[in-house]
Amino acid sequence: ALMPMLILDAGRYLAFSKQVPAFALSLDVIWALPQIVLLGVLIATNALTPTTAMAAWGCSAALGALAVILRVGLPRPSIGWVKEQWGLSGPYTAEWFVSAGVAQLSILLLGVLAGLEALGSIRGASVLFGPLNVLYMGMIAALVPANIGVAPGRLLTQARGAAAFMAGAAVLLLAMSLALPPSLGSSLLGATWESANPLFLAVGLAALFNGIAA
């Protein structure tokens with residue numbers, strides 16, 4: 001399932017870089033609709049398990065990858081291109097480690113040192129801030145290829161605007177989380193609500209600073 005997903009993501013980035021947003025949208029539709037149908041069938045037939053859900057995700061990604069291949073052809077390896085772009089690997093690897101790798105490592109260490117209950121509380125609080133991750137990934141997917149060759153001054157202005165937008169979204173979501181009624185919170189998070197509720201402020205502030213850094 002991973003390889004089709006990588007091809008699908010590559011096709012999406014290619015569509016952005018070529019300024020063909022309709023193709024990027026069509027790839028997401030091709031990927032999303034089969035997932036909805038397959039997951040609906042699995043739920044209706046009581047066959048939903050982690051394995052079948054992953055299979056539905058992979059099959060949908062395969063359809064998207066097929067659409068990319070039909071549109072742009074099979075990718076051809078190029079050692080020359082790899083050598084030419086090799087200088088970018090260090091900065092991008094460091095950026096990934098700072099933005100995502102540290103967070104994943106922290107979650108792993110928290111589970112080892114504090115136990116699964118503490119980890120569940122953190123993850124429960126983080127669920128309510130999940131939309132910010134979607135916004136962040138969407139902005140990265142759109143802005144990075146779209147700003148190739150843009151003048152530094154304009155690029156800085158767009159970066160500041162994106163950071164302000166993410167910070168504003170984080171503040172709004174934090175306010176909504178703190179004002180969430182216990183009855184609705186329990187419906188959303190179940191038994192995790194009691195332990196996750198005191199962590200909303202800390203998790204929300206972390207999301208706010210991540211938005212500014214984005």
# chains A, B, ... in the order shown; residues from 1 in each chain; ligands from 1
>>> residues_around(residues="Ala56 of chain A", least_positions_apart="2", cutoff="7 Å", atoms="only C-alpha atoms", output="PDB file with all heavy atoms, in the first residue's frame")
ATOM      1  N   GLN A  35     -12.439   4.780  -1.046  1.00  0.00           N
ATOM      2  CA  GLN A  35     -12.291   4.527   0.383  1.00  0.00           C
ATOM      3  C   GLN A  35     -13.636   4.587   1.088  1.00  0.00           C
ATOM      4  O   GLN A  35     -13.954   3.732   1.924  1.00  0.00           O
ATOM      5  CB  GLN A  35     -11.349   5.569   1.007  1.00  0.00           C
ATOM      6  CG  GLN A  35      -9.891   5.323   0.775  1.00  0.00           C
ATOM      7  CD  GLN A  35      -9.049   6.251   1.616  1.00  0.00           C
ATOM      8  OE1 GLN A  35      -8.809   5.997   2.789  1.00  0.00           O
ATOM      9  NE2 GLN A  35      -8.609   7.343   1.015  1.00  0.00           N
ATOM     10  N   LEU A  38     -15.663   1.446   0.052  1.00  0.00           N
ATOM     11  CA  LEU A  38     -15.129   0.214   0.626  1.00  0.00           C
ATOM     12  C   LEU A  38     -15.307   0.164   2.139  1.00  0.00           C
ATOM     13  O   LEU A  38     -15.692  -0.871   2.694  1.00  0.00           O
ATOM     14  CB  LEU A  38     -13.648   0.072   0.265  1.00  0.00           C
ATOM     15  CG  LEU A  38     -13.338  -0.192  -1.210  1.00  0.00           C
ATOM     16  CD1 LEU A  38     -11.835  -0.178  -1.456  1.00  0.00           C
ATOM     17  CD2 LEU A  38     -13.935  -1.529  -1.647  1.00  0.00           C
ATOM     18  N   LEU A  39     -15.046   1.274   2.811  1.00  0.00           N
ATOM     19  CA  LEU A  39     -15.228   1.298   4.263  1.00  0.00           C
ATOM     20  C   LEU A  39     -16.698   1.153   4.626  1.00  0.00           C
ATOM     21  O   LEU A  39     -17.036   0.499   5.620  1.00  0.00           O
ATOM     22  CB  LEU A  39     -14.664   2.594   4.841  1.00  0.00           C
ATOM     23  CG  LEU A  39     -13.140   2.728   4.809  1.00  0.00           C
ATOM     24  CD1 LEU A  39     -12.714   4.097   5.291  1.00  0.00           C
ATOM     25  CD2 LEU A  39     -12.473   1.641   5.655  1.00  0.00           C
ATOM     26  N   THR A  52      -8.500  -5.117   7.084  1.00  0.00           N
ATOM     27  CA  THR A  52      -9.376  -4.792   5.961  1.00  0.00           C
ATOM     28  C   THR A  52      -9.407  -3.287   5.705  1.00  0.00           C
ATOM     29  O   THR A  52      -9.522  -2.844   4.555  1.00  0.00           O
ATOM     30  CB  THR A  52     -10.799  -5.311   6.216  1.00  0.00           C
ATOM     31  OG1 THR A  52     -11.297  -4.769   7.458  1.00  0.00           O
ATOM     32  CG2 THR A  52     -10.810  -6.831   6.290  1.00  0.00           C
ATOM     33  N   ALA A  53      -9.321  -2.481   6.766  1.00  0.00           N
ATOM     34  CA  ALA A  53      -9.277  -1.030   6.583  1.00  0.00           C
ATOM     35  C   ALA A  53      -8.008  -0.625   5.838  1.00  0.00           C
ATOM     36  O   ALA A  53      -8.046   0.230   4.945  1.00  0.00           O
ATOM     37  CB  ALA A  53      -9.349  -0.324   7.933  1.00  0.00           C
ATOM     38  N   MET A  54      -6.879  -1.248   6.178  1.00  0.00           N
ATOM     39  CA  MET A  54      -5.630  -0.959   5.474  1.00  0.00           C
ATOM     40  C   MET A  54      -5.715  -1.396   4.022  1.00  0.00           C
ATOM     41  O   MET A  54      -5.208  -0.716   3.121  1.00  0.00           O
ATOM     42  CB  MET A  54      -4.472  -1.661   6.170  1.00  0.00           C
ATOM     43  CG  MET A  54      -3.104  -1.384   5.558  1.00  0.00           C
ATOM     44  SD  MET A  54      -2.626   0.342   5.680  1.00  0.00           S
ATOM     45  CE  MET A  54      -2.314   0.469   7.445  1.00  0.00           C
ATOM     46  N   GLY A  58      -5.210   0.920   0.802  1.00  0.00           N
ATOM     47  CA  GLY A  58      -4.226   0.598  -0.223  1.00  0.00           C
ATOM     48  C   GLY A  58      -4.836   0.470  -1.603  1.00  0.00           C
ATOM     49  O   GLY A  58      -4.255   0.935  -2.595  1.00  0.00           O
ATOM     50  N   CYS A  59      -6.009  -0.157  -1.690  1.00  0.00           N
ATOM     51  CA  CYS A  59      -6.668  -0.304  -2.997  1.00  0.00           C
ATOM     52  C   CYS A  59      -7.059   1.051  -3.574  1.00  0.00           C
ATOM     53  O   CYS A  59      -6.914   1.288  -4.788  1.00  0.00           O
ATOM     54  CB  CYS A  59      -7.906  -1.192  -2.853  1.00  0.00           C
ATOM     55  SG  CYS A  59      -7.534  -2.933  -2.522  1.00  0.00           S
ATOM     56  N   SER A  60      -7.539   1.936  -2.718  1.00  0.00           N
ATOM     57  CA  SER A  60      -7.894   3.278  -3.185  1.00  0.00           C
ATOM     58  C   SER A  60      -6.661   4.033  -3.652  1.00  0.00           C
ATOM     59  O   SER A  60      -6.692   4.738  -4.676  1.00  0.00           O
ATOM     60  CB  SER A  60      -8.595   4.047  -2.057  1.00  0.00           C
ATOM     61  OG  SER A  60      -9.750   3.377  -1.619  1.00  0.00           O
TER      62      SER A  60
END
>>> residues_around(residues="segment 5-7 of chain A", least_positions_apart="6", cutoff="8 Å", atoms="only C-alpha atoms", output="list in words")
Gly58, Ala61, Ala62, Gly64, Ala65 and Val68 of chain A
>>> select_by_dssp(residues="segment 8-204 of chain A", states="alpha helix (DSSP H)", output="ChimeraX atom specification")
/A:8-17,21-44,50-72,79-85,89-96,102-114,116-127,130-146,152-178,182-189,193-196,200-204
>>> closest_residue(among="A:Pro34, A:Pro131, A:Gly168, A:Gly73", to="Phe209 of chain A", atoms="only C-alpha atoms")
A:Gly168
>>> residues_around(residues="segment 21-28 of chain A", least_positions_apart="4", cutoff="12 Å", atoms="only C-alpha atoms", output="count of residues only")
34
>>> residues_around(residues="Leu119 of chain A", least_positions_apart="4", cutoff="10 Å", atoms="only C-alpha atoms", output="PyMOL selection string")
chain A and resi 107-115+123-124+196
>>> write_last_selection(atoms="N, CA and C atoms", output="PDB file, in the first residue's frame")
ATOM      1  N   ILE A 107       6.460  10.865  21.400  1.00  0.00           N
ATOM      2  CA  ILE A 107       5.319   9.982  21.684  1.00  0.00           C
ATOM      3  C   ILE A 107       5.802   8.591  22.079  1.00  0.00           C
ATOM      4  N   LEU A 108       6.818   8.088  21.361  1.00  0.00           N
ATOM      5  CA  LEU A 108       7.362   6.777  21.670  1.00  0.00           C
ATOM      6  C   LEU A 108       7.968   6.750  23.072  1.00  0.00           C
ATOM      7  N   LEU A 109       8.746   7.769  23.408  1.00  0.00           N
ATOM      8  CA  LEU A 109       9.377   7.817  24.725  1.00  0.00           C
ATOM      9  C   LEU A 109       8.346   8.006  25.837  1.00  0.00           C
ATOM     10  N   LEU A 110       7.297   8.784  25.547  1.00  0.00           N
ATOM     11  CA  LEU A 110       6.245   8.967  26.546  1.00  0.00           C
ATOM     12  C   LEU A 110       5.574   7.650  26.892  1.00  0.00           C
ATOM     13  N   GLY A 111       5.294   6.846  25.874  1.00  0.00           N
ATOM     14  CA  GLY A 111       4.685   5.540  26.129  1.00  0.00           C
ATOM     15  C   GLY A 111       5.591   4.632  26.931  1.00  0.00           C
ATOM     16  N   VAL A 112       6.889   4.692  26.665  1.00  0.00           N
ATOM     17  CA  VAL A 112       7.842   3.841  27.382  1.00  0.00           C
ATOM     18  C   VAL A 112       8.028   4.299  28.821  1.00  0.00           C
ATOM     19  N   LEU A 113       8.141   5.613  29.027  1.00  0.00           N
ATOM     20  CA  LEU A 113       8.484   6.141  30.347  1.00  0.00           C
ATOM     21  C   LEU A 113       7.268   6.360  31.248  1.00  0.00           C
ATOM     22  N   ALA A 114       6.167   6.827  30.666  1.00  0.00           N
ATOM     23  CA  ALA A 114       5.003   7.183  31.483  1.00  0.00           C
ATOM     24  C   ALA A 114       3.874   6.162  31.408  1.00  0.00           C
ATOM     25  N   GLY A 115       3.919   5.264  30.449  1.00  0.00           N
ATOM     26  CA  GLY A 115       2.891   4.238  30.348  1.00  0.00           C
ATOM     27  C   GLY A 115       1.829   4.561  29.320  1.00  0.00           C
ATOM     28  N   ARG A 123      -2.739  11.547  23.374  1.00  0.00           N
ATOM     29  CA  ARG A 123      -3.310  11.306  22.052  1.00  0.00           C
ATOM     30  C   ARG A 123      -4.777  11.733  22.009  1.00  0.00           C
ATOM     31  N   GLY A 124      -5.488  11.521  23.123  1.00  0.00           N
ATOM     32  CA  GLY A 124      -6.880  11.943  23.172  1.00  0.00           C
ATOM     33  C   GLY A 124      -7.023  13.451  23.027  1.00  0.00           C
ATOM     34  N   ALA A 196      -7.860  13.549  29.342  1.00  0.00           N
ATOM     35  CA  ALA A 196      -7.382  14.414  28.258  1.00  0.00           C
ATOM     36  C   ALA A 196      -7.770  15.871  28.470  1.00  0.00           C
TER      37      ALA A 196
END
>>> residues_around(residues="Met166 of chain A", least_positions_apart="4", cutoff="12 Å", atoms="only C-alpha atoms", output="ChimeraX atom specification")
/A:129,131-140,159-162,170-173,207-214
>>> write_last_selection(atoms="N, CA, C and O atoms", output="compact mmCIF listing (two decimals), in the first residue's frame")
# COMPACT_ATOMS: atom_id res chain seq x y z
N PHE A 129 -7.19 18.46 17.89
CA PHE A 129 -6.38 19.38 17.10
C PHE A 129 -5.91 18.75 15.80
O PHE A 129 -5.05 19.29 15.11
N PRO A 131 -7.47 18.58 12.89
CA PRO A 131 -7.66 19.41 11.69
C PRO A 131 -6.48 20.32 11.38
O PRO A 131 -6.25 20.65 10.22
N LEU A 132 -5.73 20.72 12.41
CA LEU A 132 -4.56 21.56 12.16
C LEU A 132 -3.51 20.81 11.36
O LEU A 132 -2.80 21.40 10.54
N ASN A 133 -3.37 19.52 11.63
CA ASN A 133 -2.41 18.72 10.86
C ASN A 133 -2.81 18.65 9.39
O ASN A 133 -1.95 18.69 8.50
N VAL A 134 -4.11 18.54 9.14
CA VAL A 134 -4.60 18.52 7.76
C VAL A 134 -4.28 19.85 7.07
O VAL A 134 -3.81 19.88 5.92
N LEU A 135 -4.54 20.96 7.79
CA LEU A 135 -4.23 22.27 7.22
C LEU A 135 -2.73 22.42 6.95
O LEU A 135 -2.32 22.93 5.90
N TYR A 136 -1.93 21.97 7.90
CA TYR A 136 -0.48 22.11 7.76
C TYR A 136 0.04 21.32 6.56
O TYR A 136 0.78 21.85 5.73
N MET A 137 -0.38 20.06 6.46
CA MET A 137 0.07 19.24 5.35
C MET A 137 -0.44 19.78 4.01
O MET A 137 0.26 19.74 3.00
N GLY A 138 -1.67 20.29 4.02
CA GLY A 138 -2.21 20.86 2.79
C GLY A 138 -1.45 22.10 2.35
O GLY A 138 -1.18 22.29 1.15
N MET A 139 -1.08 22.93 3.31
CA MET A 139 -0.33 24.14 2.96
C MET A 139 1.06 23.80 2.45
O MET A 139 1.57 24.42 1.51
N ILE A 140 1.70 22.80 3.08
CA ILE A 140 3.02 22.39 2.61
C ILE A 140 2.92 21.85 1.18
O ILE A 140 3.72 22.17 0.30
N ALA A 159 4.99 33.34 3.45
CA ALA A 159 5.30 32.53 4.61
C ALA A 159 4.71 33.14 5.88
O ALA A 159 4.16 32.43 6.73
N ARG A 160 4.80 34.45 6.00
CA ARG A 160 4.22 35.13 7.16
C ARG A 160 2.70 34.99 7.16
O ARG A 160 2.08 34.79 8.20
N GLY A 161 2.10 35.10 5.99
CA GLY A 161 0.66 34.94 5.90
C GLY A 161 0.22 33.53 6.28
O GLY A 161 -0.78 33.35 6.99
N ALA A 162 0.98 32.53 5.83
CA ALA A 162 0.65 31.15 6.17
C ALA A 162 0.80 30.91 7.67
O ALA A 162 -0.04 30.23 8.29
N ALA A 170 -5.19 27.72 15.10
CA ALA A 170 -4.86 27.06 16.37
C ALA A 170 -5.54 27.74 17.55
O ALA A 170 -6.07 27.07 18.45
N VAL A 171 -5.55 29.08 17.55
CA VAL A 171 -6.21 29.82 18.63
C VAL A 171 -7.71 29.52 18.63
O VAL A 171 -8.32 29.30 19.69
N LEU A 172 -8.33 29.51 17.46
CA LEU A 172 -9.77 29.23 17.37
C LEU A 172 -10.08 27.83 17.87
O LEU A 172 -11.03 27.62 18.65
N LEU A 173 -9.29 26.85 17.45
CA LEU A 173 -9.53 25.47 17.86
C LEU A 173 -9.27 25.29 19.35
O LEU A 173 -9.97 24.53 20.02
N ALA A 207 0.28 23.36 19.54
CA ALA A 207 -0.22 23.48 18.17
C ALA A 207 -0.09 24.93 17.67
O ALA A 207 0.21 25.16 16.50
N LEU A 208 -0.31 25.88 18.58
CA LEU A 208 -0.18 27.29 18.20
C LEU A 208 1.24 27.63 17.77
O LEU A 208 1.47 28.24 16.71
N PHE A 209 2.22 27.21 18.57
CA PHE A 209 3.61 27.51 18.24
C PHE A 209 4.07 26.73 17.00
O PHE A 209 4.88 27.23 16.21
N ASN A 210 3.54 25.52 16.82
CA ASN A 210 3.83 24.79 15.58
C ASN A 210 3.28 25.52 14.36
O ASN A 210 3.91 25.55 13.30
N GLY A 211 2.09 26.11 14.52
CA GLY A 211 1.51 26.88 13.43
C GLY A 211 2.34 28.09 13.07
O GLY A 211 2.53 28.41 11.90
N ILE A 212 2.87 28.77 14.09
CA ILE A 212 3.72 29.93 13.83
C ILE A 212 5.01 29.51 13.14
O ILE A 212 5.50 30.15 12.21
N ALA A 213 5.57 28.37 13.60
CA ALA A 213 6.80 27.88 13.02
C ALA A 213 6.61 27.38 11.59
O ALA A 213 7.57 27.36 10.79
N ALA A 214 5.39 26.95 11.25
CA ALA A 214 5.14 26.43 9.92
C ALA A 214 5.37 27.49 8.87
O ALA A 214 5.70 27.17 7.73
>>> atom_distance(atom1="atom CA of Val29 of chain A", atom2="atom CA of Trp57 of chain A")
13.2 Å
>>> closest_residue(among="A:Thr51, A:Ala202, A:Met3, A:Ile36", to="Ser177 of chain A", atoms="only C-alpha atoms")
A:Ala202
>>> atom_distance(atom1="atom CA of Leu180 of chain A", atom2="atom CA of Gly130 of chain A")
15.7 Å
>>> closest_residue(among="A:Gln104, A:Gln158, A:Ser126, A:Gln19", to="Pro198 of chain A", atoms="only C-alpha atoms")
A:Ser126
>>> atom_distance(atom1="atom CA of Pro182 of chain A", atom2="atom CA of Leu199 of chain A")
14.2 Å
